[in-house]
Structures are given as structure tokens and as C-alpha cells.
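Student: Coordinates in input.cif, mmCIF, C-alpha atoms, are listed below.
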```cif
data_my_file
loop_
_atom_site.label_atom_id
_atom_site.label_comp_id
_atom_site.auth_asym_id
_atom_site.auth_seq_id
_atom_site.Cartn_x
_atom_site.Cartn_y
_atom_site.Cartn_z
CA MET R 923 8.89 21.98 2.10
CA ASP R 924 6.74 25.02 1.53
CA ASP R 925 3.16 25.70 0.45
CA ILE R 926 4.02 25.32 -3.26
CA ASP R 927 5.53 21.88 -2.67
CA ARG R 928 2.48 20.88 -0.64
CA GLU R 929 0.19 22.05 -3.43
CA ILE R 930 2.22 20.11 -6.01
CA LEU R 931 1.82 17.00 -3.85
CA ALA R 932 -1.90 17.58 -3.37
CA GLN R 933 -2.45 18.06 -7.10
CA LEU R 934 -0.42 14.97 -8.03
CA GLN R 935 -2.37 12.86 -5.57
CA LYS R 936 -5.57 13.95 -7.32
CA ASP R 937 -4.20 13.28 -10.81
CA GLY R 938 -0.77 11.75 -11.27
CA ARG R 939 -1.10 11.75 -15.06
CA GLN R 940 -1.39 15.49 -15.57
CA THR R 941 1.28 17.14 -17.65
CA ILE R 942 3.90 19.37 -16.09
CA THR R 943 2.23 22.31 -17.85
CA GLU R 944 -1.15 21.50 -16.25
CA LEU R 945 0.49 21.02 -12.87
CA ALA R 946 2.35 24.34 -13.11
CA GLU R 947 -0.91 26.13 -13.99
CA ARG R 948 -2.73 24.56 -11.04
CA VAL R 949 -0.05 25.55 -8.53
CA ARG R 950 0.50 28.95 -10.20
CA VAL R 951 4.23 28.71 -10.94
CA SER R 952 6.26 28.58 -14.13
CA VAL R 953 6.76 25.24 -15.84
CA SER R 954 10.53 25.28 -15.21
CA ARG R 955 10.08 26.10 -11.51
CA CYS R 956 7.43 23.41 -11.15
CA GLN R 957 9.65 20.87 -12.88
CA ARG R 958 12.62 21.67 -10.61
CA ARG R 959 10.47 21.30 -7.52
CA LEU R 960 8.94 18.07 -8.79
CA ARG R 961 12.36 16.56 -9.51
CA GLU R 962 13.53 17.51 -6.01
CA LEU R 963 10.45 15.90 -4.42
CA GLU R 964 11.19 12.74 -6.40
CA ARG R 965 14.94 12.82 -5.65
CA THR R 966 14.43 13.19 -1.90
CA GLY R 967 11.89 10.35 -1.76
CA VAL R 968 8.88 12.48 -0.88
CA ILE R 969 7.29 11.13 -4.06
CA ARG R 970 7.92 7.39 -4.12
CA GLY R 971 6.33 6.62 -7.47
CA TYR R 972 3.31 6.92 -9.73
CA HIS R 973 0.65 4.21 -9.89
CA ALA R 974 -2.67 3.36 -11.46
CA ALA R 975 -5.51 2.62 -9.02
CA LEU R 976 -7.24 -0.55 -10.18
CA ASN R 977 -10.75 -1.86 -9.64
CA GLY R 978 -10.12 -5.34 -8.18
CA ALA R 979 -13.47 -6.76 -9.30
CA ALA R 980 -12.89 -5.56 -12.87
CA VAL R 981 -9.61 -7.49 -13.07
CA GLY R 982 -11.02 -10.64 -11.46
CA LEU R 983 -9.80 -9.96 -7.90
CA GLY R 984 -13.03 -8.93 -6.22
CA PHE R 985 -12.66 -11.12 -3.11
CA GLU R 986 -10.88 -9.16 -0.38
CA VAL R 987 -9.85 -10.37 3.05
CA MET R 988 -8.14 -8.76 6.03
CA VAL R 989 -5.87 -11.27 7.76
CA PHE R 990 -4.60 -10.87 11.31
CA ILE R 991 -1.46 -12.87 12.09
CA HIS R 992 0.01 -13.75 15.46
CA LEU R 993 3.60 -15.06 15.47
CA ARG R 994 5.19 -17.58 17.84
CA GLN R 995 8.57 -15.83 17.87
CA GLY R 996 9.25 -12.14 17.45
CA ASP R 997 13.03 -11.90 17.36
CA ARG R 998 14.78 -10.21 14.45
CA ASP R 999 15.66 -13.39 12.53
CA HIS R 1000 12.12 -14.74 12.67
CA LEU R 1001 10.63 -11.37 11.70
CA THR R 1002 13.02 -11.07 8.76
CA ALA R 1003 12.20 -14.58 7.55
CA PHE R 1004 8.49 -13.88 7.89
CA ASP R 1005 8.73 -10.54 6.07
CA GLU R 1006 10.68 -12.07 3.18
CA ALA R 1007 8.26 -14.98 2.79
CA LEU R 1008 5.30 -12.62 2.97
CA THR R 1009 6.60 -10.33 0.23
CA ALA R 1010 6.76 -13.32 -2.14
CA ILE R 1011 2.95 -13.73 -2.08
CA PRO R 1012 1.51 -11.43 -4.78
CA GLN R 1013 -2.06 -11.67 -3.46
CA VAL R 1014 -0.91 -9.82 -0.32
CA ILE R 1015 -1.33 -6.27 -1.56
CA GLN R 1016 -0.69 -4.59 1.76
CA ALA R 1017 1.02 -5.76 4.94
CA GLU R 1018 1.61 -3.91 8.18
CA ARG R 1019 3.68 -5.01 11.18
CA LEU R 1020 1.88 -3.81 14.30
CA PHE R 1021 2.75 -3.01 17.90
CA GLY R 1022 0.78 -5.25 20.25
CA ALA R 1023 -1.53 -7.97 19.07
CA PRO R 1024 -1.91 -9.12 16.39
CA ASP R 1025 1.62 -8.91 15.01
CA TYR R 1026 0.60 -8.32 11.38
CA LEU R 1027 -2.37 -7.06 9.42
CA LEU R 1028 -2.60 -8.11 5.76
CA ARG R 1029 -4.87 -7.05 2.94
CA VAL R 1030 -5.30 -9.97 0.55
CA VAL R 1031 -7.15 -10.18 -2.76
CA THR R 1032 -8.16 -13.28 -4.71
CA GLU R 1033 -10.71 -14.32 -7.29
CA ASP R 1034 -13.11 -16.00 -4.87
CA LEU R 1035 -13.50 -17.86 -1.56
CA GLU R 1036 -12.18 -21.14 -2.94
CA THR R 1037 -9.01 -19.46 -4.22
CA TYR R 1038 -8.54 -17.71 -0.88
CA GLN R 1039 -8.95 -21.01 0.98
CA ARG R 1040 -6.14 -22.56 -1.10
CA LEU R 1041 -3.93 -19.51 -0.54
CA PHE R 1042 -4.64 -19.64 3.19
CA GLU R 1043 -3.82 -23.33 3.52
CA GLU R 1044 -0.87 -23.52 1.11
CA LYS R 1045 0.85 -20.16 1.67
CA LEU R 1046 -0.37 -18.08 4.60
CA ALA R 1047 -0.61 -20.89 7.16
CA THR R 1048 2.86 -22.11 6.20
CA LEU R 1049 4.64 -18.78 6.66
CA PRO R 1050 7.56 -18.94 9.13
CA SER R 1051 6.68 -18.59 12.84
CA VAL R 1052 2.92 -18.31 12.31
CA ASP R 1053 1.04 -19.17 15.47
CA ARG R 1054 -2.48 -18.10 14.55
CA LEU R 1055 -4.31 -16.57 11.60
CA MET R 1056 -7.70 -14.90 11.61
CA SER R 1057 -9.48 -13.84 8.43
CA THR R 1058 -12.17 -11.20 8.12
CA LEU R 1059 -14.03 -10.61 4.87
CA VAL R 1060 -14.28 -7.06 3.62
CA MET R 1061 -17.96 -6.16 3.34
CA LYS R 1062 -17.60 -2.64 2.00
CA ARG R 1063 -14.79 -0.17 1.50
CA VAL R 1064 -15.91 2.94 3.33
CA VAL R 1065 -12.72 4.97 2.83
CA ALA R 1066 -10.58 3.98 -0.12
CA ALA R 1067 -6.92 4.83 -0.31
CA ARG R 1068 -7.06 8.58 -0.30
CA PRO R 1069 -4.54 11.36 -0.64
CA MET R 1070 -2.34 12.28 2.29
CA PRO R 1071 -3.59 15.51 3.85
CA VAL R 1072 -0.56 17.62 2.93
#
```
Let me see the structure of the file written as C-alpha cells.
Tutor:
Amino acid sequence: MDDIDREILAQLQKDGRQTITELAERVRVSVSRCQRRLRELERTGVIRGYHAALNGAAVGLGFEVMVFIHLRQGDRDHLTAFDEALTAIPQVIQAERLFGAPDYLLRVVTEDLETYQRLFEEKLATLPSVDRLMSTLVMKRVVAARPMPV
């Protein structure tokens, strides 16, 4: 990966909808060269996809909670079962397995507190091997998902 590839990545993180012509102009290479490099970045998995960033409140999902989960068992089978069950819950929009305690950190969105309470009781608390859950309400997003500093 060279400086041109890094610039392509930086530009795409700013605006993933720009045309290949616009992108080529911004990184100062020909359209064909830019397209070849872009395809290679996609093929090798450097670029994993293109997404729209949504405003949760505007789509009725303005209630956001960070959930810390401690598991009873941490062997491979229990972790696999937990991971699979977790991925089936669409309100969990981000999940990280951590070293140390807690074992997992989740980012969960719902319509409101009542909906979150139902999700907590019916889904999150019943996940395999859950020992303890702790929820923290998001007051304010200080740093939103931002581009990787390539």
C-alpha cells in the first residue's frame, strides 16, 4: 500500500458515493489507474463495503445503550454459542469481545426505554452463559464513527 492507495481510502471514507472520476481527480491519477487500485483494495479486503450512515433518532431508534456483559464460562463452545445468539439480535449494532472484564461490550439501539427493557429481559438476559449485564445510557456522542487515520 502506497500513498496513492492511502489517499484513495481517505477520500472514500469522506465520501463513499463519489464517482470514480471524482475520486481520480482528488487523488490526482487517471481514472483507469484509480479504478484498478480501487478494485485491488476491494479484492484484498482492505475495503470491506460501502454503507450509509444513518441518524438513529430520525429512523425511530434514538435510544442508545452501552451494555457490559460478564460470562459464566469462557471456553470456545460457550463463546461460539454466545456469539451466534448475539448476532441474531438486530438491535445490537456493535459488539466487541474484550480481554479482561467485562467479557463483551455492546452498542444497542431501540425506540425507547420501555422497548429496551423488553429487549434486555427477553433477549439479552437469556443469552447463553450470561452471568451479569450492566447497562449504561449514552448521554452524548462526543466522537462519532470517524475515518481510520490512513
Student: For the file shown, what are the residues hit by the PyMOL selection byres ((chain R and resi 952-957) around 12), laid out as a PyMOL selection string?
Tutor: chain R and resi 926-931+933-934+941-951+958-964
Student: With a distance cut-off of 9 Å and only C-alpha atoms, select the neighbouring residues of region 1012-1020 of chain R, excluding the residue or stretch itself and same-chain residues fewer than 6 positions from it, and output the selection as a PyMOL selection string.
Tutor: chain R and resi 1026-1032+1041
Student: With C-alpha atoms retained, write the just-selected residues as an mmCIF file, in the coordinates of the input.
Tutor:
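Output contents, as saved in out_32.cif:
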```
data_model
loop_
_atom_site.group_PDB
_atom_site.id
_atom_site.type_symbol
_atom_site.label_atom_id
_atom_site.label_comp_id
_atom_site.auth_asym_id
_atom_site.auth_seq_id
_atom_site.Cartn_x
_atom_site.Cartn_y
_atom_site.Cartn_z
ATOM 1 C CA TYR R 1026 0.600 -8.320 11.380
ATOM 2 C CA LEU R 1027 -2.370 -7.060 9.420
ATOM 3 C CA LEU R 1028 -2.600 -8.110 5.760
ATOM 4 C CA ARG R 1029 -4.870 -7.050 2.940
ATOM 5 C CA VAL R 1030 -5.300 -9.970 0.550
ATOM 6 C CA VAL R 1031 -7.150 -10.180 -2.760
ATOM 7 C CA THR R 1032 -8.160 -13.280 -4.710
ATOM 8 C CA LEU R 1041 -3.930 -19.510 -0.540
#
```
Student: Which residues would end up in the selection if the PyMOL selection byres ((chain R and resi 1052) around 10) were applied here, given that I need the answer as JSON, numbers by chain?
Tutor: {"R": [991, 992, 993, 994, 995, 1000, 1004, 1025, 1046, 1047, 1048, 1049, 1050, 1051, 1053, 1054, 1055]}
Student: Distance CA of Thr1002 (chain R)-CA of Glu1044 (chain R), one decimal place?
Tutor: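 These two atoms are separated by 20.2 Å.
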Student: Select all residues near (-8.5, -14.0, 8.2) (cut-off 7 Å, inclusive, file coordinates), counting all atoms listed in the file, and output them as an NGL selection string.
Tutor: :R and (987-990 or 1055-1058)
